[in-house]
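One file, final-v2.cif, is given below (mmCIF, C-alpha atoms and all ligand atoms).
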data_run
loop_
_atom_site.label_atom_id
_atom_site.label_comp_id
_atom_site.auth_asym_id
_atom_site.auth_seq_id
_atom_site.Cartn_x
_atom_site.Cartn_y
_atom_site.Cartn_z
CA MET A 91 5.32 -2.15 -7.67
CA LEU A 92 7.55 0.87 -6.97
CA CYS A 93 9.62 2.65 -9.55
CA VAL A 94 11.94 5.52 -8.64
CA GLU A 95 13.35 7.33 -11.67
CA ASP A 96 16.19 9.84 -11.64
CA LEU A 97 15.04 11.33 -8.34
CA SER A 98 16.86 14.41 -7.05
CA VAL A 99 16.25 16.39 -3.87
CA SER A 100 18.14 19.54 -2.90
CA TYR A 101 18.50 21.43 0.34
CA GLY A 102 19.38 24.83 -1.08
CA ALA A 103 22.42 24.34 -3.27
CA PHE A 104 23.22 20.94 -1.71
CA LYS A 105 22.02 17.85 -3.60
CA ALA A 106 21.04 15.29 -0.96
CA LEU A 107 19.71 12.94 -3.68
CA ASP A 108 21.23 13.09 -7.12
CA GLY A 109 19.55 11.06 -9.85
CA VAL A 110 18.41 8.08 -7.77
CA SER A 111 16.78 5.24 -9.73
CA PHE A 112 15.72 1.80 -8.55
CA LYS A 113 12.75 -0.54 -8.71
CA VAL A 114 10.97 -2.80 -6.29
CA ALA A 115 9.40 -5.48 -8.42
CA LYS A 116 7.72 -7.77 -5.93
CA SER A 117 5.00 -7.18 -3.35
CA GLY A 118 5.26 -8.82 0.05
CA THR A 119 9.01 -8.30 0.41
CA LEU A 120 11.45 -6.29 2.46
CA HIS A 121 13.66 -4.00 0.40
CA GLY A 122 16.66 -2.71 2.35
CA ILE A 123 18.24 0.73 2.00
CA ILE A 124 21.79 0.98 3.30
CA GLY A 125 24.56 3.53 3.16
CA PRO A 126 26.80 5.69 5.34
CA ASN A 127 25.53 8.60 7.45
CA GLY A 128 24.39 11.42 5.22
CA ALA A 129 24.02 9.17 2.15
CA GLY A 130 20.46 10.44 1.63
CA LYS A 131 18.47 7.50 3.00
CA SER A 132 16.06 9.58 5.11
CA THR A 133 15.77 12.14 2.32
CA LEU A 134 14.72 9.32 -0.01
CA MET A 135 12.06 8.23 2.51
CA ASP A 136 10.84 11.85 2.76
CA ALA A 137 10.58 12.11 -1.02
CA LEU A 138 8.59 8.87 -1.15
CA THR A 139 6.15 9.95 1.57
CA GLY A 140 5.69 13.35 -0.06
CA ARG A 141 7.26 15.29 2.82
CA ARG A 142 9.85 16.66 0.44
CA LEU A 143 9.23 17.36 -3.24
CA PRO A 144 11.98 16.37 -5.65
CA THR A 145 13.66 18.88 -7.92
CA ARG A 146 13.83 16.25 -10.65
CA GLY A 147 12.64 12.74 -11.40
CA LYS A 148 9.60 10.57 -10.90
CA VAL A 149 8.04 8.14 -8.45
CA LEU A 150 5.58 5.55 -9.76
CA LEU A 151 3.48 3.30 -7.54
CA GLU A 152 2.04 0.34 -9.44
CA GLY A 153 2.61 2.21 -12.69
CA LYS A 154 0.86 5.41 -11.61
CA GLU A 155 2.89 8.55 -11.21
CA ILE A 156 2.66 9.99 -7.70
CA THR A 157 5.72 12.29 -7.67
CA ARG A 158 3.86 15.43 -6.60
CA ARG A 159 1.03 13.93 -4.54
CA SER A 160 0.59 15.19 -0.98
CA VAL A 161 1.50 13.28 2.18
CA VAL A 162 -2.19 12.84 3.00
CA TRP A 163 -3.07 11.61 -0.48
CA ARG A 164 -0.27 9.03 -0.32
CA ARG A 165 -1.27 7.78 3.13
CA ARG A 166 -4.85 7.29 1.89
CA ASN A 167 -3.66 5.63 -1.31
CA GLY A 168 -1.39 2.96 0.01
CA ILE A 169 1.89 4.51 1.22
CA SER A 170 2.54 4.67 4.94
CA ARG A 171 5.54 5.38 7.10
CA SER A 172 6.66 4.80 10.64
CA PHE A 173 7.44 7.72 12.90
CA GLN A 174 9.53 6.45 15.82
CA ARG A 175 6.98 8.21 17.98
CA THR A 176 4.73 5.99 20.02
CA SER A 177 2.13 8.40 21.32
CA ILE A 178 0.42 10.05 18.43
CA PHE A 179 -2.59 10.35 20.75
CA PRO A 180 -1.03 11.07 24.17
CA GLY A 181 -2.66 9.60 27.25
CA HIS A 182 -4.17 6.63 25.42
CA THR A 183 -3.46 2.94 25.66
CA VAL A 184 -1.75 0.97 22.91
CA ARG A 185 -5.12 -0.39 21.76
CA GLU A 186 -6.68 3.09 21.75
CA GLN A 187 -3.75 4.54 19.79
CA ILE A 188 -4.20 1.95 17.07
CA GLU A 189 -8.01 2.15 17.13
CA LEU A 190 -7.90 5.94 16.82
CA ALA A 191 -5.46 5.72 13.90
CA ALA A 192 -7.77 3.19 12.23
CA TRP A 193 -10.84 5.31 12.89
CA ARG A 194 -9.12 8.32 11.37
CA MET A 195 -8.34 6.29 8.24
CA GLY A 196 -11.85 4.81 8.10
CA ALA A 197 -10.24 1.39 8.55
CA GLY A 198 -11.52 -1.41 10.75
CA ASP A 199 -8.35 -3.38 11.16
CA ALA A 200 -7.05 -2.29 14.60
CA GLY A 201 -7.71 -5.61 16.38
CA GLU A 202 -6.15 -7.66 13.63
CA ILE A 203 -3.04 -5.44 13.61
CA ILE A 204 -2.61 -5.65 17.39
CA GLU A 205 -2.63 -9.42 17.02
CA ALA A 206 -0.30 -9.46 14.00
CA MET A 207 2.22 -7.27 15.85
CA GLY A 208 2.07 -9.39 19.00
CA LEU A 209 0.89 -6.40 21.02
CA GLU A 210 -1.99 -8.07 22.89
CA PRO A 211 -0.04 -8.40 26.17
CA VAL A 212 0.55 -4.64 26.30
CA ALA A 213 -2.62 -3.45 24.52
CA SER A 214 -4.27 -2.08 27.68
CA LEU A 215 -1.16 -0.22 28.86
CA HIS A 216 -0.35 3.37 28.15
CA ALA A 217 1.94 3.49 25.13
CA ASP A 218 4.57 5.64 26.85
CA THR A 219 4.98 3.14 29.70
CA ILE A 220 5.74 -0.01 27.68
CA ALA A 221 9.18 -1.45 26.89
CA TYR A 222 11.17 0.18 24.12
CA GLY A 223 10.97 -2.89 21.88
CA ASP A 224 7.16 -2.89 22.24
CA GLN A 225 7.09 0.81 21.38
CA ARG A 226 8.91 0.06 18.12
CA ARG A 227 6.22 -2.50 17.31
CA VAL A 228 3.45 0.01 18.06
CA ASP A 229 5.17 2.33 15.60
CA ILE A 230 5.00 -0.36 12.91
CA ALA A 231 1.41 -1.22 13.89
CA LEU A 232 0.39 2.39 13.25
CA ALA A 233 1.98 2.21 9.80
CA LEU A 234 0.01 -0.98 9.04
CA VAL A 235 -3.38 0.66 9.62
CA GLY A 236 -5.54 0.78 6.49
CA ARG A 237 -3.69 -1.99 4.64
CA PRO A 238 -0.99 0.05 2.87
CA ARG A 239 0.71 -1.44 -0.20
CA LEU A 240 4.01 0.22 0.60
CA MET A 241 5.45 0.88 4.06
CA LEU A 242 8.44 3.13 4.60
CA LEU A 243 10.41 2.26 7.72
CA ASP A 244 13.34 4.51 8.62
CA GLU A 245 15.53 2.66 11.12
CA PRO A 246 12.69 0.72 12.78
CA ALA A 247 15.21 -1.07 15.00
CA ALA A 248 16.99 2.08 16.22
CA GLY A 249 17.92 1.63 19.87
CA LEU A 250 17.26 -2.11 19.93
CA SER A 251 19.83 -4.74 20.86
CA LYS A 252 21.30 -7.02 18.22
CA ARG A 253 19.01 -9.84 19.30
CA GLU A 254 15.90 -7.61 19.29
CA THR A 255 16.87 -6.21 15.88
CA MET A 256 17.16 -9.68 14.34
CA ALA A 257 13.83 -10.70 15.94
CA LEU A 258 12.12 -7.56 14.64
CA PHE A 259 13.37 -8.18 11.09
CA ASP A 260 12.34 -11.83 11.27
CA HIS A 261 8.87 -10.68 12.32
CA LEU A 262 8.77 -7.99 9.61
CA GLN A 263 9.71 -10.51 6.95
CA SER A 264 6.77 -12.80 7.74
CA LEU A 265 4.46 -9.83 8.25
CA VAL A 266 5.08 -8.39 4.77
CA GLN A 267 4.76 -11.84 3.22
CA ASP A 268 1.45 -12.59 4.98
CA ARG A 269 -0.06 -9.21 4.23
CA GLY A 270 1.33 -8.72 0.71
CA VAL A 271 2.72 -5.33 1.69
CA THR A 272 6.13 -4.16 0.54
CA ALA A 273 8.39 -2.48 3.06
CA LEU A 274 11.28 -0.21 2.20
CA VAL A 275 13.48 -0.30 5.25
CA VAL A 276 16.48 1.85 6.15
CA GLU A 277 18.75 0.00 8.53
CA HIS A 278 22.35 0.19 9.75
CA ASP A 279 22.48 -3.38 11.07
CA VAL A 280 23.74 -5.11 7.93
CA ASP A 281 23.19 -8.61 9.34
CA ALA A 282 19.49 -7.81 9.65
CA VAL A 283 19.37 -6.26 6.17
CA PHE A 284 21.29 -9.05 4.44
CA GLY A 285 19.53 -11.74 6.45
CA PHE A 286 15.93 -10.68 5.88
CA CYS A 287 15.66 -8.34 2.87
CA SER A 288 15.13 -9.87 -0.57
CA GLU A 289 16.80 -6.93 -2.32
CA VAL A 290 19.02 -4.11 -1.16
CA THR A 291 19.78 -0.66 -2.53
CA ALA A 292 23.06 0.87 -1.39
CA LEU A 293 23.32 4.66 -1.44
CA ASP A 294 26.33 6.91 -1.08
CA LEU A 295 26.59 10.69 -1.48
CA GLY A 296 23.03 10.91 -2.82
CA LYS A 297 23.54 8.31 -5.55
CA VAL A 298 22.70 4.63 -5.90
CA ILE A 299 25.77 2.42 -5.84
CA THR A 300 23.79 -0.70 -6.67
CA THR A 301 20.46 -2.48 -6.23
CA ASP A 302 20.82 -6.23 -6.04
CA SER A 303 20.40 -9.38 -3.95
CA PRO A 304 21.89 -9.25 -0.43
CA ALA A 305 24.67 -11.65 -1.46
CA ALA A 306 25.66 -9.54 -4.48
CA VAL A 307 25.51 -6.24 -2.54
CA ARG A 308 27.59 -7.69 0.30
CA ARG A 309 30.45 -8.55 -2.05
CA ASP A 310 30.18 -5.46 -4.26
CA ALA A 311 33.58 -3.76 -4.00
CA ARG A 312 32.04 -0.27 -4.27
CA VAL A 313 29.64 -0.99 -1.39
CA VAL A 314 32.43 -2.45 0.70
CA SER A 315 34.63 0.60 0.23
CA ALA A 316 31.84 3.17 0.71
CA TYR A 317 30.09 1.54 3.65
CA LEU A 318 30.77 -2.00 4.73
CA GLY A 319 34.51 -1.76 5.18
CA SER A 320 35.79 -4.64 7.23
CA ALA A 321 32.31 -5.29 8.70
CA ALA A 322 31.40 -7.38 5.64
N1 LIG B 1 16.82 19.82 6.28
C1 LIG B 1 18.05 19.76 5.78
N2 LIG B 1 18.70 20.88 5.38
C2 LIG B 1 19.95 20.82 4.86
N3 LIG B 1 20.64 19.68 4.69
C3 LIG B 1 20.05 18.53 5.08
C4 LIG B 1 18.73 18.52 5.65
N4 LIG B 1 18.41 17.23 5.93
C5 LIG B 1 19.48 16.49 5.57
N5 LIG B 1 20.45 17.27 5.06
C6 LIG B 1 21.73 16.79 4.51
O1 LIG B 1 21.46 15.92 3.44
C7 LIG B 1 22.32 14.79 3.44
C8 LIG B 1 21.52 13.53 3.49
O2 LIG B 1 20.85 13.46 4.75
P1 LIG B 1 19.93 12.24 5.16
O3 LIG B 1 19.33 12.58 6.47
O4 LIG B 1 19.00 11.92 4.05
O5 LIG B 1 21.01 11.08 5.31
P2 LIG B 1 20.85 9.59 5.88
O6 LIG B 1 21.40 8.68 4.85
O7 LIG B 1 19.47 9.37 6.34
O8 LIG B 1 21.87 9.62 7.12
P3 LIG B 1 21.79 8.85 8.55
O9 LIG B 1 22.35 7.48 8.32
O10 LIG B 1 22.68 9.66 9.42
O11 LIG B 1 20.37 8.84 9.01
C9 LIG B 1 23.25 14.99 4.64
O12 LIG B 1 24.46 15.56 4.18
C10 LIG B 1 22.50 15.97 5.52
O13 LIG B 1 23.41 16.77 6.27
MG MG B 2 18.61 8.94 8.18
#
Could you take the file, read its structure, and then write that structure out as structure tokens?
Amino acid sequence: MLCVEDLSVSYGAFKALDGVSFKVAKSGTLHGIIGPNGAGKSTLMDALTGRRLPTRGKVLLEGKEITRRSVVWRRRNGISRSFQRTSIFPGHTVREQIELAAWRMGAGDAGEIIEAMGLEPVASLHADTIAYGDQRRVDIALALVGRPRLMLLDEPAAGLSKRETMALFDHLQSLVQDRGVTALVVEHDVDAVFGFCSEVTALDLGKVITTDSPAAVRRDARVVSAYLGSAA
């Protein structure tokens, strides 16, 4: 469903991504992106959302090339991202935030998304007053608006406890399955990634080390030395 071919992104003379290729074959799965700080994970997400244009390479979504499409075009054509920013419409309740996002997309799925994300208990509260874990779920809810085919989540569990992180990934796994959406998720908690993602791409220094099953990535000597160290 997603095909990334030889993708390179530079910041001036510095190559943040250098010939990155991988595929996500199946819909309705979580695909993990791991790697040390500065590996290029967020840069990859930016290239996939259209925030940053690559200097080389291609991105194909369901066989169609989208490499140079705008951010807005991608959002309207099935690629969404989370922002780690709860109040895109300040001063509104959780329900209003999601309804406004849906209205802007011409989508009618706000109520269904509030339910799917378990946000009903906080729906009438102002988004900036709810618990941090709920805010992270609002962030994902906003990315679900308009039934995207591909969701890009950059550290959706940032700031959460171990227990909350595992619960969020458990929830994400059933969510993507139920909705047939694929999520590319950058995460530093390797237990969450290996426990809930069906495939994992490991990056280091702007290059792919490997894309494989969690079990294979976990025991890959190159991944262990670049990132996992003794944690694996
Ligand atoms: N706007 C920028 N200008 C110049 N260099 C940048 C810019 N953004 C990122 N970089 C550099 O590009 C490299 C990749 O950064 P990126 O943010 O993609 O890494 P990351 O894998 O997301 O890291 P982290 O785990 O810390 O989030 C880093 O060396 C970073 O310093
Ligand atoms: Mg990052």
Please, which residues have at least one atom within 10 Å of an atom of ligand LIG 1 (chain B), using only C-alpha atoms and all ligand atoms, listed as a PyMOL selection string? chain A and resi 99-107+123-137+142+244-245+276-278+293-296
Taking only C-alpha atoms into account, which of A:Ala305, A:Ala213, A:Val298, A:Val280 comes nearest Glu95 in chain A?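 Between A:Ala305, A:Ala213, A:Val298, A:Val280, the residue approaching Glu95 in chain A most closely is A:Val298.
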Counting all atoms listed in the file, figure out which residue out of A:Ile203, A:Leu240, A:Val275, A:Leu92 gets nearest to ligand MG 2 (chain B). A:Val275
Point out the residue among A:Thr255, A:Val110, A:Ile156, A:Val271 with the least atom-to-atom distance to Ala292 in chain A, counting only C-alpha atoms. A:Val110
For Gly236 in chain A, list every protein, DNA or RNA residue within 7 Å, evaluated using only C-alpha atoms, and leave out those in the same chain fewer than 2 positions away; present the list as a PyMOL selection string. chain A and resi 192+195+197+199+234+238
May I ask which of the residues A:Gly109, A:Gly153, A:Gly140, A:Pro246 is the closest one to Cys93 in chain A, counting only C-alpha atoms? A:Gly153
Neighbouring residues of Ser172 in chain A were defined as those with any atom within 9 Å, considering only C-alpha atoms; residues of the same chain fewer than 4 positions away were excluded. Please report them as JSON, numbers by chain. {"A": [229, 230, 231, 232, 233, 234, 241, 242, 243, 244, 246]}
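With only C-alpha atoms as the atoms that count, the minimum distance from Gly208 in chain A to the choices A:Arg239, A:His261, A:Arg308, A:Lys252 is reached by A:His261.
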Can you work out which one of A:Asp224, A:Asp279, A:Asp302, A:Asp260 has the shortest atom-to-atom distance to Val212 in chain A, counting all atoms listed in the file? A:Asp224
Considering all atoms listed in the file, return as a list in words whatever protein or nucleic-acid residues lie within 10 Å of Gly181 in chain A, sequence-local ones (same chain, fewer than 5 positions apart) excluded. Glu186, Gln187, His216, Ala217 and Asp218 of chain A
In Å, how far is it from CA of Lys113 in chain A to CA of Val235 in chain A? 24.4 Å
Spatial neighbours of Ala306 in chain A, 10 Å, all atoms listed in the file, chain gap at least 5 places, as a list in words: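 Using all atoms listed in the file, the neighbours found are Phe284, Glu289, Val290, Thr300, Thr301, Ala311 and Val313 of chain A.
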What does the structure give for the distance between CA of Gly223 in chain A and CA of Leu250 in chain A, in Å to one decimal?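 Going from CA of Gly223 in chain A over to CA of Leu250 in chain A covers 6.6 Å.
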Could you name the residues that touch Val266 in chain A at 6 Å or less, counting all atoms listed in the file, but leaving out those on the same chain fewer than 4 positions away, as a VMD selection string? chain A and resid 118 to 119 270 to 271
What gap, in Å, lies between CA of Val149 in chain A and CA of Ser98 in chain A?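 Interatomic distance, CA of Val149 in chain A to CA of Ser98 in chain A: 10.9 Å.
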